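Below is one structure, written out as structure tokens; the observations come after it.
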Amino acid sequence: MALGHVLLGLLAQGERHGYDLKRQYDARFPMAKPIAAAQVYATLERLLRDGLVAPGGTERAGGPDRTAYGMTAAGRQELDEWLAQVEPPSPFVSNPLAVKVTLALLVAGDERAAGYLQRQRAAHLARMREYTRITTHPDTSLAGVLAADYALNHLDADLRWIDTALARVATLAEELQP
Amino acid sequence: MTSTPPDSGTDEDLLVAGRALVRSYGHSPALRGISVGTRRGEVLAITGPSGSGKSTLLLCLAGILRPDAGEVWYAGRRIDTESEAERSRLRRTRFGVLFQFGQLVPELTAAENVAMPLLLAGVKRRPALTAAGTWLDRFGVADLAGQRPTEMSGGQAQRVAMARALVTEPEVLFADEPTGALDTLAGEQVLTQLVRVTRQAGTTVLMVTHDAKVAAYADREIVIRDGMADDGAPTSALRGALGRTGAR
């Protein structure tokens, strides 16, 4: 996902200038990786070059002139095509949790591996509690709830893997016993 | 030593505690010497895979099942050695119980279902129904007062069941997979309300679940595997208070 498509999405409801786009981004995606204003301006330049946005009105609010940008017909088409595209499912096979457990089993034995998994489980659940507080807080915006839901479900998937791994480690230990 | 309350000296806030609990069904051990405790006012999740013994633990702590060995304490009082009549009275007056399927009486309206524990305790019909209305309102289902369970969605029925479990204003709510039969969003609404209402009332909650997303609503988690506490961290703080008989 490129920032260009995100900015096009934020421009779909009308013209905005660069700083306003950054503020919108922060409000809509409060848990996403933060972006710098310079990134927004650089991306707008590129969108302008490609004919996906066009300059609109200017505004002056006690500082320098600010140019607002609007989406062109080509920009709208690009956005629609991007929204319709399926994102490739992420390959989670290189998860650092799995790597660590495998190594813990190799170099430290099943008890250490199980101990590590238990501590990791507790850390995951603690983080899930934080996100649950966000999703259930009456002041959380819909964007915030959606982002927290996403994080919660991924942590939950990790946690179920941890549970399975714990069971497998226990089974493996039993099998290895003489 | 076995008659010493587990909260003496070390953690005076322990409200419900099990010490070195053992319980078998025939030759199958469900609990193998687990020690757990909950502090007053906390929401505690008891998690673990199917067949790990978590429901058995809940039933023992709620005084519904008697452990084969070990001790169950409530508010400094050992309850596993009490008579069935004494434990039954305790369950009626101090404990509330909530199961996966609300287990409402299908012939009764929501208000009558919620009033039932009060009627059984000898409260007159009119004040019992008034209290039922108040509790239905707390769970946002006052408009269902005259409806029967078959006319409700799963989420609505579970809210009525929560009102019934709390209408006697118990000190402890024991909940076994309280949202297990609901879809994600209905379950989330039920849990949000359950935690909000019980926190307001200062009710201690012990909640069994296999779902980490449900456990994340709790203040603390105990993981059970094969009838023993699996996660060293949550119970270790209580081990000094509870584990003098060597739970693990």
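The way I read the labels, and the way they are meant: chains A, B, ... in the order of the structure tokens, residue 1 as the first residue of every chain, and ligand 1 as the first ligand shown, with later ones counted on from there.
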Kindly assemble as a Markdown table a list of the chain A residues that lie within 9 Å of chain B, each paired with its nearest atom pair and their distance in Å to one decimal, using only C-alpha atoms, sorted first by chain and then by ascending residue number.
| residue | atom | partner | partner_atom | distance |
| --- | --- | --- | --- | --- |
| A:Gly115 | CA | B:Asp231 | CA | 8.5 |
| A:Gln118 | CA | B:Asp231 | CA | 5.9 |
| A:Arg119 | CA | B:Ala233 | CA | 7.9 |
| A:Arg121 | CA | B:Asp231 | CA | 8.8 |
| A:Ala122 | CA | B:Ala233 | CA | 8.1 |
| A:Leu125 | CA | B:Ala216 | CA | 6.2 |
| A:Ala126 | CA | B:Ala216 | CA | 7.5 |
| A:Arg127 | CA | B:Ala216 | CA | 8.5 |
| A:Met128 | CA | B:Ala216 | CA | 5.6 |
| A:Arg129 | CA | B:Ala216 | CA | 4.5 |
| A:Glu130 | CA | B:Ala216 | CA | 8.2 |
| A:Tyr131 | CA | B:Ala216 | CA | 8.6 |
| A:Thr132 | CA | B:Ala216 | CA | 6.5 |
| A:Arg133 | CA | B:Tyr217 | CA | 7.8 |
| A:Thr136 | CA | B:Thr192 | CA | 6.5 |
| A:Leu152 | CA | B:Lys213 | CA | 7.3 |
| A:Asn153 | CA | B:Lys213 | CA | 8.0 |
| A:Asp156 | CA | B:Ala212 | CA | 6.4 |
| A:Leu159 | CA | B:Ala212 | CA | 7.5 |
| A:Arg160 | CA | B:Ala212 | CA | 8.1 |
| A:Asp163 | CA | B:Pro49 | CA | 8.2 |
Give me every alpha helix (DSSP H) residue in chain A, going by DSSP on the backbone, as an NGL selection string. :A and (3-11 or 18-28 or 37-49 or 73-84 or 96-108 or 110-136 or 142-176)
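Residues in contact with B:Arg40 at 6 Å, where only C-alpha atoms are counted and same-chain residues fewer than 2 positions away are skipped, are listed as Asp13, Leu14, Leu15, Glu42 and Thr204 of chain B.
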Can you tell me how far atom CA of B:Asp68 sits from atom CA of B:Val22, in Å to one decimal?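 If I compute the distance from atom CA of B:Asp68 to atom CA of B:Val22, I get 5.5 Å.
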How far is it from atom CA of B:Glu107 to atom CA of B:Glu171, in Å with one decimal? 28.7 Å
Can you list, as a PyMOL selection string, all residues belonging to stretch 27-67 of chain A that DSSP tags as strand (DSSP E)? chain A and resi 53-59+66-67
Output file for the residues above (N, CA and C atoms, as a PDB file, in the first residue's frame):
ATOM      1  N   VAL A  53      -3.816  14.360  -9.081  1.00  0.00           N
ATOM      2  CA  VAL A  53      -4.427  15.482  -8.353  1.00  0.00           C
ATOM      3  C   VAL A  53      -4.128  16.760  -9.137  1.00  0.00           C
ATOM      4  N   ALA A  54      -4.912  17.789  -8.822  1.00  0.00           N
ATOM      5  CA  ALA A  54      -4.698  19.086  -9.468  1.00  0.00           C
ATOM      6  C   ALA A  54      -4.812  20.176  -8.414  1.00  0.00           C
ATOM      7  N   PRO A  55      -4.016  21.273  -8.573  1.00  0.00           N
ATOM      8  CA  PRO A  55      -4.114  22.331  -7.571  1.00  0.00           C
ATOM      9  C   PRO A  55      -5.478  22.999  -7.621  1.00  0.00           C
ATOM     10  N   GLY A  56      -5.989  23.346  -6.442  1.00  0.00           N
ATOM     11  CA  GLY A  56      -7.272  24.051  -6.357  1.00  0.00           C
ATOM     12  C   GLY A  56      -7.026  25.435  -5.804  1.00  0.00           C
ATOM     13  N   GLY A  57      -7.795  25.830  -4.841  1.00  0.00           N
ATOM     14  CA  GLY A  57      -7.679  27.167  -4.281  1.00  0.00           C
ATOM     15  C   GLY A  57      -6.497  27.290  -3.336  1.00  0.00           C
ATOM     16  N   THR A  58      -6.153  28.525  -2.994  1.00  0.00           N
ATOM     17  CA  THR A  58      -5.104  28.754  -2.000  1.00  0.00           C
ATOM     18  C   THR A  58      -5.749  29.400  -0.785  1.00  0.00           C
ATOM     19  N   GLU A  59      -5.120  29.209   0.336  1.00  0.00           N
ATOM     20  CA  GLU A  59      -5.641  29.822   1.558  1.00  0.00           C
ATOM     21  C   GLU A  59      -4.473  30.358   2.352  1.00  0.00           C
ATOM     22  N   ARG A  66      -1.214  28.454   1.292  1.00  0.00           N
ATOM     23  CA  ARG A  66      -1.295  26.992   1.220  1.00  0.00           C
ATOM     24  C   ARG A  66      -2.143  26.621   0.019  1.00  0.00           C
ATOM     25  N   THR A  67      -1.602  25.712  -0.788  1.00  0.00           N
ATOM     26  CA  THR A  67      -2.355  25.275  -1.962  1.00  0.00           C
ATOM     27  C   THR A  67      -3.149  24.022  -1.613  1.00  0.00           C
TER      28      THR A  67
END
A:Lys33 environment, 12 Å, only C-alpha atoms, sequence neighbours closer than 6 positions dropped, as number ranges by chain: A: 3, 25-26, 147
Take the residues from that selection and write them out as a PDB file, in the first residue's frame, keeping N, CA and C atoms.
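That gives us again-v2.pdb:
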ATOM      1  N   LEU A   3       1.482   5.450   0.062  1.00  0.00           N
ATOM      2  CA  LEU A   3       0.877   6.626   0.689  1.00  0.00           C
ATOM      3  C   LEU A   3       0.032   7.405  -0.312  1.00  0.00           C
ATOM      4  N   TYR A  25      -4.913  12.189   8.170  1.00  0.00           N
ATOM      5  CA  TYR A  25      -4.277  10.868   8.271  1.00  0.00           C
ATOM      6  C   TYR A  25      -4.131  10.474   9.743  1.00  0.00           C
ATOM      7  N   ASP A  26      -3.618  11.398  10.562  1.00  0.00           N
ATOM      8  CA  ASP A  26      -3.412  11.097  11.990  1.00  0.00           C
ATOM      9  C   ASP A  26      -4.729  10.756  12.674  1.00  0.00           C
ATOM     10  N   ALA A 147      -8.972  -0.151  14.019  1.00  0.00           N
ATOM     11  CA  ALA A 147      -7.532  -0.424  14.118  1.00  0.00           C
ATOM     12  C   ALA A 147      -7.234  -1.325  15.311  1.00  0.00           C
TER      13      ALA A 147
END
Shell around B:Trp73 at 6 Å using only C-alpha atoms, local window under 4 positions removed, as a PyMOL selection string: chain B and resi 16-17+77-79
One decimal, Å: what's the distance from atom CA of A:Val107 over to atom CA of A:Asp158, could you say?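 Those two atoms sit 22.7 Å apart.
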Using only C-alpha atoms, determine which residues lie at most 8 Å from B:Gly227, disregarding the query and same-chain residues fewer than 2 positions distant; provide the list as a PDB file with C-alpha atoms, in the first residue's frame.
ATOM      1  CA  PRO B  29      -8.359 -36.349  37.025  1.00  0.00           C
ATOM      2  CA  ALA B  30      -9.780 -32.901  36.186  1.00  0.00           C
ATOM      3  CA  LEU B  31      -7.907 -30.911  38.824  1.00  0.00           C
ATOM      4  CA  ARG B  32      -4.486 -31.980  40.006  1.00  0.00           C
ATOM      5  CA  GLY B  33      -3.593 -29.798  42.945  1.00  0.00           C
ATOM      6  CA  ILE B  34      -4.234 -26.318  41.625  1.00  0.00           C
ATOM      7  CA  SER B  52      -8.118 -28.581  30.990  1.00  0.00           C
ATOM      8  CA  GLY B  53     -10.298 -28.514  34.098  1.00  0.00           C
ATOM      9  CA  LYS B  54     -11.254 -24.852  34.066  1.00  0.00           C
ATOM     10  CA  ILE B 224      -4.923 -24.128  33.320  1.00  0.00           C
ATOM     11  CA  ARG B 225      -3.533 -27.090  31.477  1.00  0.00           C
ATOM     12  CA  ALA B 229      -1.822 -23.815  36.667  1.00  0.00           C
TER      13      ALA B 229
END
Shell around B:Glu169 at 8 Å using only C-alpha atoms, local window under 2 positions removed, as a ChimeraX atom specification: /B:94,166-167,171,201,203
Using only C-alpha atoms, which of the listed residues (A:Leu52, A:Ala167, A:Ala123, A:Leu117) sits closest to A:Thr102? A:Leu117
Closest of B:Val114, B:Ala165, B:Ala20, B:Val36 to B:Pro178 - atom-to-atom distances counting only C-alpha atoms: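 So, comparing all the options, the nearest one is B:Ala165.
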Which is closest to B:Leu59 among B:Asp176, B:Gln103, B:Gly187, B:Thr130, if we use only C-alpha atoms? B:Asp176
